[in-house]
$ cat work_15.cif   # mmCIF, C-alpha atoms and all ligand atoms
data_upload
#
loop_
_atom_site.group_PDB
_atom_site.id
_atom_site.type_symbol
_atom_site.label_atom_id
_atom_site.label_comp_id
_atom_site.auth_asym_id
_atom_site.auth_seq_id
_atom_site.Cartn_x
_atom_site.Cartn_y
_atom_site.Cartn_z
ATOM 1 C CA MET C 237 -21.380 -21.555 -22.716
ATOM 2 C CA LYS C 238 -21.771 -18.051 -24.055
ATOM 3 C CA THR C 239 -23.027 -17.721 -27.610
ATOM 4 C CA MET C 240 -21.597 -15.401 -30.253
ATOM 5 C CA ILE C 241 -23.213 -14.568 -33.597
ATOM 6 C CA ILE C 242 -20.736 -13.480 -36.266
ATOM 7 C CA THR C 243 -22.283 -12.120 -39.448
ATOM 8 C CA GLY C 244 -20.400 -12.890 -42.663
ATOM 9 C CA ALA C 245 -18.217 -15.566 -41.096
ATOM 10 C CA SER C 246 -17.748 -17.838 -44.111
ATOM 11 C CA ARG C 247 -14.459 -16.123 -45.020
ATOM 12 C CA GLY C 248 -12.099 -13.262 -44.260
ATOM 13 C CA ILE C 249 -12.223 -11.432 -40.938
ATOM 14 C CA GLY C 250 -15.483 -13.117 -39.883
ATOM 15 C CA ALA C 251 -14.089 -16.627 -40.402
ATOM 16 C CA ALA C 252 -10.900 -15.808 -38.449
ATOM 17 C CA THR C 253 -13.050 -14.384 -35.640
ATOM 18 C CA ALA C 254 -15.204 -17.540 -35.573
ATOM 19 C CA LEU C 255 -12.148 -19.785 -35.151
ATOM 20 C CA LEU C 256 -10.675 -17.580 -32.399
ATOM 21 C CA ALA C 257 -14.004 -17.198 -30.576
ATOM 22 C CA ALA C 258 -14.525 -20.963 -30.508
ATOM 23 C CA ALA C 259 -10.982 -21.462 -29.184
ATOM 24 C CA ASN C 260 -11.906 -18.981 -26.424
ATOM 25 C CA GLY C 261 -14.952 -20.968 -25.359
ATOM 26 C CA PHE C 262 -17.830 -19.354 -27.247
ATOM 27 C CA SER C 263 -20.530 -21.354 -29.018
ATOM 28 C CA VAL C 264 -20.314 -19.750 -32.439
ATOM 29 C CA VAL C 265 -23.007 -19.024 -35.008
ATOM 30 C CA VAL C 266 -21.286 -18.778 -38.389
ATOM 31 C CA ASN C 267 -23.601 -16.686 -40.540
ATOM 32 C CA TYR C 268 -23.120 -16.578 -44.301
ATOM 33 C CA ARG C 269 -25.051 -15.356 -47.331
ATOM 34 C CA ASN C 270 -24.051 -17.578 -50.288
ATOM 35 C CA ASN C 271 -20.994 -19.647 -49.561
ATOM 36 C CA LYS C 272 -22.409 -22.673 -47.738
ATOM 37 C CA ALA C 273 -19.362 -24.893 -48.318
ATOM 38 C CA ALA C 274 -16.964 -22.295 -46.869
ATOM 39 C CA ALA C 275 -19.180 -21.712 -43.811
ATOM 40 C CA GLU C 276 -19.545 -25.461 -43.199
ATOM 41 C CA LYS C 277 -15.763 -25.872 -43.420
ATOM 42 C CA ILE C 278 -15.299 -23.281 -40.637
ATOM 43 C CA VAL C 279 -17.860 -25.145 -38.517
ATOM 44 C CA GLU C 280 -16.122 -28.491 -39.177
ATOM 45 C CA ASP C 281 -12.759 -27.006 -38.144
ATOM 46 C CA ILE C 282 -14.258 -25.667 -34.909
ATOM 47 C CA ILE C 283 -15.917 -28.975 -34.041
ATOM 48 C CA ALA C 284 -12.735 -30.924 -34.901
ATOM 49 C CA ASN C 285 -10.933 -28.776 -32.325
ATOM 50 C CA GLY C 286 -13.515 -29.542 -29.644
ATOM 51 C CA GLY C 287 -15.596 -26.360 -30.053
ATOM 52 C CA LYS C 288 -19.279 -25.735 -30.758
ATOM 53 C CA ALA C 289 -20.580 -24.047 -33.896
ATOM 54 C CA ILE C 290 -23.385 -24.024 -36.431
ATOM 55 C CA ALA C 291 -23.611 -22.438 -39.871
ATOM 56 C CA VAL C 292 -26.750 -20.377 -40.533
ATOM 57 C CA GLN C 293 -27.584 -19.017 -43.968
ATOM 58 C CA ALA C 294 -29.208 -15.578 -43.835
ATOM 59 C CA ASP C 295 -28.925 -12.530 -46.046
ATOM 60 C CA ILE C 296 -28.784 -9.979 -43.258
ATOM 61 C CA ALA C 297 -29.823 -7.199 -45.626
ATOM 62 C CA GLN C 298 -33.347 -8.743 -45.352
ATOM 63 C CA GLU C 299 -35.219 -8.206 -42.092
ATOM 64 C CA ARG C 300 -37.006 -11.561 -42.168
ATOM 65 C CA GLU C 301 -33.690 -13.373 -42.614
ATOM 66 C CA VAL C 302 -32.148 -11.531 -39.658
ATOM 67 C CA ILE C 303 -35.091 -12.654 -37.539
ATOM 68 C CA LYS C 304 -34.580 -16.234 -38.782
ATOM 69 C CA LEU C 305 -30.865 -16.052 -37.859
ATOM 70 C CA PHE C 306 -31.605 -15.004 -34.281
ATOM 71 C CA ARG C 307 -34.466 -17.492 -33.845
ATOM 72 C CA GLU C 308 -32.263 -20.339 -35.016
ATOM 73 C CA THR C 309 -29.586 -19.207 -32.560
ATOM 74 C CA ASP C 310 -32.188 -19.184 -29.743
ATOM 75 C CA THR C 311 -33.262 -22.719 -30.646
ATOM 76 C CA VAL C 312 -29.837 -24.323 -30.994
ATOM 77 C CA PHE C 313 -27.693 -22.516 -28.403
ATOM 78 C CA GLY C 314 -29.647 -19.762 -26.549
ATOM 79 C CA ASN C 315 -27.653 -17.595 -24.093
ATOM 80 C CA LEU C 316 -26.656 -14.979 -26.653
ATOM 81 C CA HIS C 317 -23.760 -12.944 -25.258
ATOM 82 C CA SER C 318 -22.054 -11.340 -28.273
ATOM 83 C CA LEU C 319 -22.918 -10.024 -31.692
ATOM 84 C CA ILE C 320 -20.111 -9.331 -34.138
ATOM 85 C CA ASN C 321 -21.539 -7.073 -36.834
ATOM 86 C CA ASN C 322 -18.925 -8.071 -39.397
ATOM 87 C CA ALA C 323 -20.593 -8.657 -42.786
ATOM 88 C CA GLY C 324 -20.044 -5.832 -45.213
ATOM 89 C CA ILE C 325 -19.730 -5.196 -48.929
ATOM 90 C CA LEU C 326 -17.680 -3.066 -51.265
ATOM 91 C CA GLU C 327 -18.322 -2.252 -54.917
ATOM 92 C CA LYS C 328 -16.021 -1.298 -57.773
ATOM 93 C CA GLN C 329 -13.747 1.686 -57.316
ATOM 94 C CA MET C 330 -15.097 4.787 -59.104
ATOM 95 C CA ARG C 331 -15.540 8.520 -58.749
ATOM 96 C CA PHE C 332 -18.543 9.628 -56.734
ATOM 97 C CA GLU C 333 -20.436 11.298 -59.619
ATOM 98 C CA ASP C 334 -20.479 7.993 -61.508
ATOM 99 C CA MET C 335 -22.348 6.089 -58.780
ATOM 100 C CA ASP C 336 -26.048 5.333 -59.271
ATOM 101 C CA ILE C 337 -28.878 5.094 -56.774
ATOM 102 C CA SER C 338 -29.087 1.293 -56.841
ATOM 103 C CA ARG C 339 -25.448 1.135 -55.742
ATOM 104 C CA PHE C 340 -26.128 3.557 -52.850
ATOM 105 C CA GLN C 341 -29.102 1.427 -51.813
ATOM 106 C CA ARG C 342 -27.127 -1.830 -51.913
ATOM 107 C CA ILE C 343 -24.220 -0.389 -49.931
ATOM 108 C CA PHE C 344 -26.328 1.349 -47.289
ATOM 109 C CA THR C 345 -28.664 -1.630 -46.829
ATOM 110 C CA ALA C 346 -25.847 -4.173 -46.502
ATOM 111 C CA ASN C 347 -23.474 -1.994 -44.458
ATOM 112 C CA ILE C 348 -25.857 0.017 -42.261
ATOM 113 C CA THR C 349 -29.459 -1.276 -42.162
ATOM 114 C CA ALA C 350 -28.325 -4.893 -41.769
ATOM 115 C CA GLN C 351 -26.136 -3.993 -38.758
ATOM 116 C CA PHE C 352 -28.995 -2.007 -37.225
ATOM 117 C CA LEU C 353 -31.364 -4.973 -37.604
ATOM 118 C CA CYS C 354 -28.884 -7.427 -36.076
ATOM 119 C CA ALA C 355 -28.161 -5.095 -33.149
ATOM 120 C CA ARG C 356 -31.887 -4.635 -32.524
ATOM 121 C CA GLU C 357 -32.445 -8.387 -32.310
ATOM 122 C CA ALA C 358 -29.361 -8.830 -30.085
ATOM 123 C CA ILE C 359 -30.479 -6.080 -27.670
ATOM 124 C CA LYS C 360 -33.890 -7.740 -27.236
ATOM 125 C CA ARG C 361 -32.086 -10.872 -26.053
ATOM 126 C CA MET C 362 -29.099 -9.452 -24.118
ATOM 127 C CA SER C 363 -30.331 -6.272 -22.391
ATOM 128 C CA LEU C 364 -30.932 -6.494 -18.631
ATOM 129 C CA LYS C 365 -34.004 -4.364 -19.338
ATOM 130 C CA HIS C 366 -35.458 -7.197 -21.415
ATOM 131 C CA GLY C 367 -34.540 -9.977 -18.950
ATOM 132 C CA GLY C 368 -31.230 -10.855 -20.619
ATOM 133 C CA SER C 369 -27.896 -11.165 -18.845
ATOM 134 C CA GLY C 370 -25.909 -8.511 -20.716
ATOM 135 C CA GLY C 371 -23.362 -8.888 -23.468
ATOM 136 C CA THR C 372 -21.242 -7.194 -26.084
ATOM 137 C CA ILE C 373 -21.648 -5.863 -29.591
ATOM 138 C CA VAL C 374 -18.599 -5.325 -31.780
ATOM 139 C CA ASN C 375 -19.142 -3.437 -35.027
ATOM 140 C CA VAL C 376 -16.658 -3.904 -37.847
ATOM 141 C CA SER C 377 -16.205 -0.438 -39.292
ATOM 142 C CA SER C 378 -13.242 0.645 -41.433
ATOM 143 C CA ILE C 379 -10.538 3.279 -41.369
ATOM 144 C CA ALA C 380 -12.347 4.497 -44.503
ATOM 145 C CA ALA C 381 -14.776 6.148 -42.065
ATOM 146 C CA LYS C 382 -11.945 8.579 -41.313
ATOM 147 C CA THR C 383 -10.205 8.814 -44.714
ATOM 148 C CA GLY C 384 -13.421 9.011 -46.806
ATOM 149 C CA ALA C 385 -11.903 6.778 -49.559
ATOM 150 C CA PRO C 386 -11.747 9.447 -52.327
ATOM 151 C CA ASN C 387 -11.616 8.131 -55.913
ATOM 152 C CA GLU C 388 -12.346 4.623 -54.642
ATOM 153 C CA TYR C 389 -15.595 4.218 -52.715
ATOM 154 C CA ILE C 390 -16.913 7.248 -50.845
ATOM 155 C CA ASP C 391 -20.276 5.462 -50.501
ATOM 156 C CA TYR C 392 -18.628 2.599 -48.604
ATOM 157 C CA ALA C 393 -16.628 5.040 -46.444
ATOM 158 C CA ALA C 394 -19.800 6.961 -45.576
ATOM 159 C CA SER C 395 -21.566 3.728 -44.632
ATOM 160 C CA LYS C 396 -18.732 3.000 -42.189
ATOM 161 C CA GLY C 397 -18.975 6.578 -40.862
ATOM 162 C CA ALA C 398 -22.580 5.756 -40.008
ATOM 163 C CA ILE C 399 -21.403 2.647 -38.174
ATOM 164 C CA ASP C 400 -19.040 4.787 -36.081
ATOM 165 C CA SER C 401 -21.884 7.142 -35.053
ATOM 166 C CA PHE C 402 -24.082 4.124 -34.382
ATOM 167 C CA THR C 403 -21.389 2.638 -32.121
ATOM 168 C CA ILE C 404 -21.098 5.828 -30.058
ATOM 169 C CA GLY C 405 -24.848 6.346 -29.661
ATOM 170 C CA LEU C 406 -25.698 2.737 -28.922
ATOM 171 C CA SER C 407 -22.879 2.411 -26.370
ATOM 172 C CA LYS C 408 -24.342 5.285 -24.352
ATOM 173 C CA GLU C 409 -27.947 4.112 -24.727
ATOM 174 C CA LEU C 410 -27.125 0.592 -23.492
ATOM 175 C CA ALA C 411 -24.379 1.330 -20.943
ATOM 176 C CA ASP C 412 -26.562 0.732 -17.889
ATOM 177 C CA GLU C 413 -28.279 -2.310 -19.418
ATOM 178 C CA GLY C 414 -25.240 -4.616 -19.313
ATOM 179 C CA ILE C 415 -24.315 -4.245 -22.987
ATOM 180 C CA ARG C 416 -21.019 -2.744 -24.151
ATOM 181 C CA VAL C 417 -20.743 -1.589 -27.765
ATOM 182 C CA ASN C 418 -17.378 -1.062 -29.447
ATOM 183 C CA ALA C 419 -15.882 -1.170 -32.929
ATOM 184 C CA VAL C 420 -12.765 -2.084 -34.847
ATOM 185 C CA ARG C 421 -11.574 -0.033 -37.823
ATOM 186 C CA PRO C 422 -9.379 -2.258 -40.008
ATOM 187 C CA ALA C 423 -7.560 -1.394 -43.233
ATOM 188 C CA PHE C 424 -5.441 -3.273 -45.780
ATOM 189 C CA ILE C 425 -6.394 -6.748 -44.557
ATOM 190 C CA HIS C 426 -5.700 -9.666 -46.919
ATOM 191 C CA THR C 427 -9.212 -10.891 -47.787
ATOM 192 C CA ASP C 428 -11.351 -11.289 -50.909
ATOM 193 C CA ILE C 429 -13.103 -7.935 -50.401
ATOM 194 C CA HIS C 430 -10.478 -6.104 -52.494
ATOM 195 C CA THR C 431 -11.422 -8.232 -55.515
ATOM 196 C CA ASP C 432 -15.007 -7.002 -55.079
ATOM 197 C CA GLY C 433 -13.599 -3.451 -55.152
ATOM 198 C CA GLY C 434 -12.076 -4.271 -58.553
ATOM 199 C CA GLU C 435 -8.440 -4.263 -57.410
ATOM 200 C CA PRO C 436 -7.302 -7.617 -55.961
ATOM 201 C CA ASN C 437 -3.740 -6.277 -55.592
ATOM 202 C CA ARG C 438 -4.722 -3.044 -53.805
ATOM 203 C CA ILE C 439 -2.651 -3.874 -50.724
ATOM 204 C CA GLU C 440 0.430 -4.552 -52.864
ATOM 205 C CA ARG C 441 0.020 -1.132 -54.519
ATOM 206 C CA LEU C 442 -0.338 0.699 -51.207
ATOM 207 C CA LYS C 443 1.944 -1.254 -48.906
ATOM 208 C CA GLU C 444 4.876 1.185 -49.046
ATOM 209 C CA SER C 445 2.543 3.875 -47.629
ATOM 210 C CA ILE C 446 1.690 1.698 -44.605
ATOM 211 C CA PRO C 447 4.119 2.340 -41.696
ATOM 212 C CA LEU C 448 4.374 -1.411 -40.957
ATOM 213 C CA LYS C 449 5.048 -1.956 -44.706
ATOM 214 C CA ARG C 450 2.622 -4.857 -45.139
ATOM 215 C CA GLY C 451 -1.037 -5.758 -45.248
ATOM 216 C CA GLY C 452 -2.701 -7.240 -42.185
ATOM 217 C CA LEU C 453 -4.053 -10.720 -41.595
ATOM 218 C CA ALA C 454 -7.680 -11.482 -40.792
ATOM 219 C CA GLY C 455 -6.490 -13.141 -37.584
ATOM 220 C CA GLU C 456 -4.900 -9.874 -36.451
ATOM 221 C CA VAL C 457 -8.274 -8.136 -36.658
ATOM 222 C CA ALA C 458 -9.950 -11.101 -34.952
ATOM 223 C CA GLU C 459 -7.689 -10.599 -31.895
ATOM 224 C CA ALA C 460 -8.978 -7.033 -31.462
ATOM 225 C CA ILE C 461 -12.594 -8.138 -31.988
ATOM 226 C CA LEU C 462 -12.279 -10.917 -29.415
ATOM 227 C CA TRP C 463 -10.759 -8.559 -26.848
ATOM 228 C CA LEU C 464 -13.661 -6.138 -27.268
ATOM 229 C CA ALA C 465 -16.210 -8.975 -27.112
ATOM 230 C CA SER C 466 -14.724 -10.484 -23.959
ATOM 231 C CA GLU C 467 -14.646 -9.477 -20.300
ATOM 232 C CA LYS C 468 -11.004 -8.454 -20.788
ATOM 233 C CA SER C 469 -12.298 -5.127 -22.135
ATOM 234 C CA SER C 470 -14.815 -4.732 -19.287
ATOM 235 C CA TYR C 471 -14.228 -0.976 -18.803
ATOM 236 C CA SER C 472 -14.390 -0.066 -22.521
ATOM 237 C CA THR C 473 -17.529 0.985 -24.311
ATOM 238 C CA GLY C 474 -18.079 3.346 -27.251
ATOM 239 C CA THR C 475 -14.455 2.939 -28.246
ATOM 240 C CA PHE C 476 -12.562 2.020 -31.421
ATOM 241 C CA ILE C 477 -9.484 -0.057 -32.168
ATOM 242 C CA ASP C 478 -7.786 0.857 -35.458
ATOM 243 C CA VAL C 479 -6.064 -2.179 -37.006
ATOM 244 C CA THR C 480 -4.292 -0.501 -39.907
ATOM 245 C CA GLY C 481 -0.551 -1.113 -39.734
ATOM 246 C CA GLY C 482 -0.177 2.437 -38.451
ATOM 247 C CA ARG C 483 -1.713 4.321 -41.370
HETATM 248 P P1 LIG U 1 -14.965 -10.630 -47.265
HETATM 249 O O1 LIG U 1 -13.737 -11.490 -47.268
HETATM 250 O O2 LIG U 1 -15.462 -10.078 -48.557
HETATM 251 O O3 LIG U 1 -16.117 -11.423 -46.520
HETATM 252 C C1 LIG U 1 -17.398 -10.865 -46.430
HETATM 253 C C2 LIG U 1 -18.286 -11.802 -45.650
HETATM 254 O O4 LIG U 1 -19.543 -11.149 -45.472
HETATM 255 C C3 LIG U 1 -18.543 -13.106 -46.381
HETATM 256 O O5 LIG U 1 -18.602 -14.122 -45.391
HETATM 257 C C4 LIG U 1 -19.931 -12.895 -46.986
HETATM 258 O O6 LIG U 1 -20.681 -14.108 -47.114
HETATM 259 C C5 LIG U 1 -20.566 -12.019 -45.934
HETATM 260 N N1 LIG U 1 -21.697 -11.197 -46.368
HETATM 261 C C6 LIG U 1 -21.690 -10.158 -47.240
HETATM 262 N N2 LIG U 1 -22.926 -9.651 -47.355
HETATM 263 C C7 LIG U 1 -23.732 -10.390 -46.545
HETATM 264 C C8 LIG U 1 -25.108 -10.380 -46.251
HETATM 265 N N3 LIG U 1 -25.947 -9.500 -46.823
HETATM 266 N N4 LIG U 1 -25.590 -11.287 -45.368
HETATM 267 C C9 LIG U 1 -24.769 -12.185 -44.786
HETATM 268 N N5 LIG U 1 -23.452 -12.253 -45.033
HETATM 269 C C10 LIG U 1 -22.938 -11.364 -45.915
HETATM 270 O O7 LIG U 1 -14.771 -9.349 -46.335
HETATM 271 P P2 LIG U 1 -13.733 -8.980 -45.150
HETATM 272 O O8 LIG U 1 -12.608 -8.255 -45.776
HETATM 273 O O9 LIG U 1 -13.496 -10.141 -44.255
HETATM 274 O O10 LIG U 1 -14.612 -7.875 -44.433
HETATM 275 C C11 LIG U 1 -15.323 -8.097 -43.233
HETATM 276 C C12 LIG U 1 -15.676 -6.731 -42.667
HETATM 277 O O11 LIG U 1 -14.479 -5.974 -42.481
HETATM 278 C C13 LIG U 1 -16.558 -5.891 -43.600
HETATM 279 O O12 LIG U 1 -17.499 -5.170 -42.842
HETATM 280 C C14 LIG U 1 -15.562 -4.928 -44.240
HETATM 281 O O13 LIG U 1 -16.170 -3.718 -44.644
HETATM 282 C C15 LIG U 1 -14.608 -4.713 -43.084
HETATM 283 N N6 LIG U 1 -13.285 -4.215 -43.496
HETATM 284 C C16 LIG U 1 -12.419 -4.988 -44.226
HETATM 285 C C17 LIG U 1 -11.186 -4.462 -44.577
HETATM 286 C C18 LIG U 1 -10.167 -5.253 -45.369
HETATM 287 O O14 LIG U 1 -9.098 -4.681 -45.699
HETATM 288 N N7 LIG U 1 -10.412 -6.512 -45.700
HETATM 289 C C19 LIG U 1 -10.848 -3.168 -44.213
HETATM 290 C C20 LIG U 1 -11.752 -2.415 -43.484
HETATM 291 C C21 LIG U 1 -12.971 -2.950 -43.113
HETATM 292 P P3 LIG U 1 -20.676 -15.015 -48.471
HETATM 293 O O15 LIG U 1 -19.249 -15.477 -48.670
HETATM 294 O O16 LIG U 1 -21.583 -16.145 -48.162
HETATM 295 O O17 LIG U 1 -21.139 -14.112 -49.560
#
$ encode --input "work_15.cif" --output "structure tokens" --more "lines below"
Ligand code: NAP
Amino acid sequence: MKTMIITGASRGIGAATALLAAANGFSVVVNYRNNKAAAEKIVEDIIANGGKAIAVQADIAQEREVIKLFRETDTVFGNLHSLINNAGILEKQMRFEDMDISRFQRIFTANITAQFLCAREAIKRMSLKHGGSGGTIVNVSSIAAKTGAPNEYIDYAASKGAIDSFTIGLSKELADEGIRVNAVRPAFIHTDIHTDGGEPNRIERLKESIPLKRGGLAGEVAEAILWLASEKSSYSTGTFIDVTGGR
């Protein structure tokens, strides 16, 4: 069985991706930072449906914890085939000049450095150059990379812009080593992240401006992630799927 690591899979888009990946035959590593009970519930659901999964606690903003996450995956499942760089954070909406340096550091470490560290560890295991058998990396960016999120969270948007550049560069660097690198750019998905941004009802406020006139479901993003992670997308690398209801 192929193994998939999904960062931040205790809830939201990561949890939906874990359930779908297991249903599609992956052994799934459900990474989480704090919410052990939620991560274990996802694992229980997968196992109850005949799949394979483990929950692994690791704050991926810390290098030593990323290394622990990958080592535990090696020990329990091996055969790493996919990394879903999903975990990400958002802070309270505010104007740019009101943001302080500790906020920039938290956002950039959690949304950029952590993804870089996870990709580095995945490449060491999956690249043909390192004796691996190839694989896929799917980065979870955001449409904010294109809109810039003015008056809300330009820092977050810029961190996702970095993820887009990272996706393009890494896809070209790894193309002849058996690893494809792609990204999804969601927006307006019903998850808890909007509460962290200080506006739990953000989607309700904006839904009339979305062509499909509704927010999206985590499972709808998971479908795009799974396609990019699977052989079904075998001729796509360095590409992006926007999952935004048309906006
Ligand atoms: P969410 O519901 O807030 O879930 C975030 C997940 O990431 C949780 O499982 C959390 O774990 C985990 N996490 C956060 N920091 C972590 C860290 N340092 N180490 C390990 N795990 C960490 O978020 P979501 O809406 O599903 O978002 C998932 C991804 O989609 C993010 O990259 C986000 O930027 C992106 N996105 C979301 C939307 C949207 O509308 N929802 C739109 C565009 C992009 P704990 O629960 O254990 O803390």
$ residues_near_ligand --input "work_15.cif" --ligand "ligand LIG 1 (chain U)" --cutoff "8 Å" --atoms "all atoms listed in the file" --output "MDAnalysis selection string"
chainID C and resid 243:251 267:272 274:275 293:298 321:326 346:347 350 376:380 392 396 421:430 432 452 454
$ closest_atom_pairs --input "work_15.cif" --of "region 362-428 of chain C" --to "region 467-473 of chain C" --cutoff "6 Å" --atoms "all atoms listed in the file" --output "CSV"
residue,atom,partner,partner_atom,distance
C:Ser407,CA,C:Thr473,CA,5.9
C:Arg416,CA,C:Thr473,CA,5.1
C:Val417,CA,C:Thr473,CA,5.4
C:Asn418,CA,C:Thr473,CA,5.5
$ residues_near_point --input "work_15.cif" --point "(-21.1, 2.2, -29.0)" --cutoff "9 Å" --atoms "all atoms listed in the file" --output "list in words"
Ile373, Val374, Asn375, Asp400, Ser401, Phe402, Thr403, Ile404, Gly405, Leu406, Ser407, Lys408, Glu409, Leu410, Ala411, Arg416, Val417, Asn418, Ala419, Thr473, Gly474, Thr475 and Phe476 of chain C
$ resolve_selection --input "work_15.cif" --expression "the PyMOL selection byres (((chain C and resi 450) around 12) and not hetatm)" --output "MDAnalysis selection string"
chainID C and resid 423:426 438:449 451:453 480:483
$ residues_around --input "work_15.cif" --residues "region 356-370 of chain C" --least-positions-apart "3" --cutoff "7 Å" --atoms "all atoms listed in the file" --output "list in words"
Phe306, Leu316, His317, Leu319, Phe352, Leu353, Glu413, Gly414 and Ile415 of chain C
$ build_atoms --input "work_15.cif" --residues "region 409-422 of chain C" --atoms "N, CA, C and O atoms" --output "PDB file, keeping the file's coordinate frame"
ATOM      1  N   GLU C 409     -26.557   4.514 -24.992  1.00  0.00           N
ATOM      2  CA  GLU C 409     -27.947   4.112 -24.727  1.00  0.00           C
ATOM      3  C   GLU C 409     -28.019   2.817 -23.913  1.00  0.00           C
ATOM      4  O   GLU C 409     -28.931   2.620 -23.116  1.00  0.00           O
ATOM      5  N   LEU C 410     -27.044   1.924 -24.114  1.00  0.00           N
ATOM      6  CA  LEU C 410     -27.125   0.592 -23.492  1.00  0.00           C
ATOM      7  C   LEU C 410     -26.191   0.417 -22.293  1.00  0.00           C
ATOM      8  O   LEU C 410     -26.158  -0.658 -21.691  1.00  0.00           O
ATOM      9  N   ALA C 411     -25.447   1.487 -21.948  1.00  0.00           N
ATOM     10  CA  ALA C 411     -24.379   1.330 -20.943  1.00  0.00           C
ATOM     11  C   ALA C 411     -24.891   0.812 -19.604  1.00  0.00           C
ATOM     12  O   ALA C 411     -24.209   0.030 -18.943  1.00  0.00           O
ATOM     13  N   ASP C 412     -26.086   1.234 -19.189  1.00  0.00           N
ATOM     14  CA  ASP C 412     -26.562   0.732 -17.889  1.00  0.00           C
ATOM     15  C   ASP C 412     -27.534  -0.447 -18.042  1.00  0.00           C
ATOM     16  O   ASP C 412     -28.320  -0.739 -17.161  1.00  0.00           O
ATOM     17  N   GLU C 413     -27.445  -1.112 -19.203  1.00  0.00           N
ATOM     18  CA  GLU C 413     -28.279  -2.310 -19.418  1.00  0.00           C
ATOM     19  C   GLU C 413     -27.424  -3.556 -19.613  1.00  0.00           C
ATOM     20  O   GLU C 413     -27.882  -4.579 -20.109  1.00  0.00           O
ATOM     21  N   GLY C 414     -26.127  -3.439 -19.261  1.00  0.00           N
ATOM     22  CA  GLY C 414     -25.240  -4.616 -19.313  1.00  0.00           C
ATOM     23  C   GLY C 414     -24.658  -4.905 -20.679  1.00  0.00           C
ATOM     24  O   GLY C 414     -24.050  -5.951 -20.886  1.00  0.00           O
ATOM     25  N   ILE C 415     -24.845  -3.994 -21.636  1.00  0.00           N
ATOM     26  CA  ILE C 415     -24.315  -4.245 -22.987  1.00  0.00           C
ATOM     27  C   ILE C 415     -23.268  -3.179 -23.321  1.00  0.00           C
ATOM     28  O   ILE C 415     -23.547  -1.982 -23.253  1.00  0.00           O
ATOM     29  N   ARG C 416     -22.071  -3.652 -23.670  1.00  0.00           N
ATOM     30  CA  ARG C 416     -21.019  -2.744 -24.151  1.00  0.00           C
ATOM     31  C   ARG C 416     -20.964  -2.822 -25.678  1.00  0.00           C
ATOM     32  O   ARG C 416     -21.130  -3.907 -26.255  1.00  0.00           O
ATOM     33  N   VAL C 417     -20.758  -1.667 -26.299  1.00  0.00           N
ATOM     34  CA  VAL C 417     -20.743  -1.589 -27.765  1.00  0.00           C
ATOM     35  C   VAL C 417     -19.449  -0.903 -28.193  1.00  0.00           C
ATOM     36  O   VAL C 417     -19.178   0.233 -27.796  1.00  0.00           O
ATOM     37  N   ASN C 418     -18.660  -1.596 -28.984  1.00  0.00           N
ATOM     38  CA  ASN C 418     -17.378  -1.062 -29.447  1.00  0.00           C
ATOM     39  C   ASN C 418     -17.196  -1.393 -30.928  1.00  0.00           C
ATOM     40  O   ASN C 418     -18.022  -2.093 -31.515  1.00  0.00           O
ATOM     41  N   ALA C 419     -16.113  -0.900 -31.499  1.00  0.00           N
ATOM     42  CA  ALA C 419     -15.882  -1.170 -32.929  1.00  0.00           C
ATOM     43  C   ALA C 419     -14.397  -1.336 -33.215  1.00  0.00           C
ATOM     44  O   ALA C 419     -13.545  -0.816 -32.485  1.00  0.00           O
ATOM     45  N   VAL C 420     -14.129  -2.057 -34.294  1.00  0.00           N
ATOM     46  CA  VAL C 420     -12.765  -2.084 -34.847  1.00  0.00           C
ATOM     47  C   VAL C 420     -12.810  -1.372 -36.196  1.00  0.00           C
ATOM     48  O   VAL C 420     -13.824  -1.395 -36.893  1.00  0.00           O
ATOM     49  N   ARG C 421     -11.684  -0.705 -36.519  1.00  0.00           N
ATOM     50  CA  ARG C 421     -11.574  -0.033 -37.823  1.00  0.00           C
ATOM     51  C   ARG C 421     -10.342  -0.583 -38.536  1.00  0.00           C
ATOM     52  O   ARG C 421      -9.244  -0.048 -38.406  1.00  0.00           O
ATOM     53  N   PRO C 422     -10.524  -1.684 -39.300  1.00  0.00           N
ATOM     54  CA  PRO C 422      -9.379  -2.258 -40.008  1.00  0.00           C
ATOM     55  C   PRO C 422      -9.047  -1.481 -41.283  1.00  0.00           C
ATOM     56  O   PRO C 422      -9.818  -0.626 -41.734  1.00  0.00           O
TER      57      PRO C 422
END
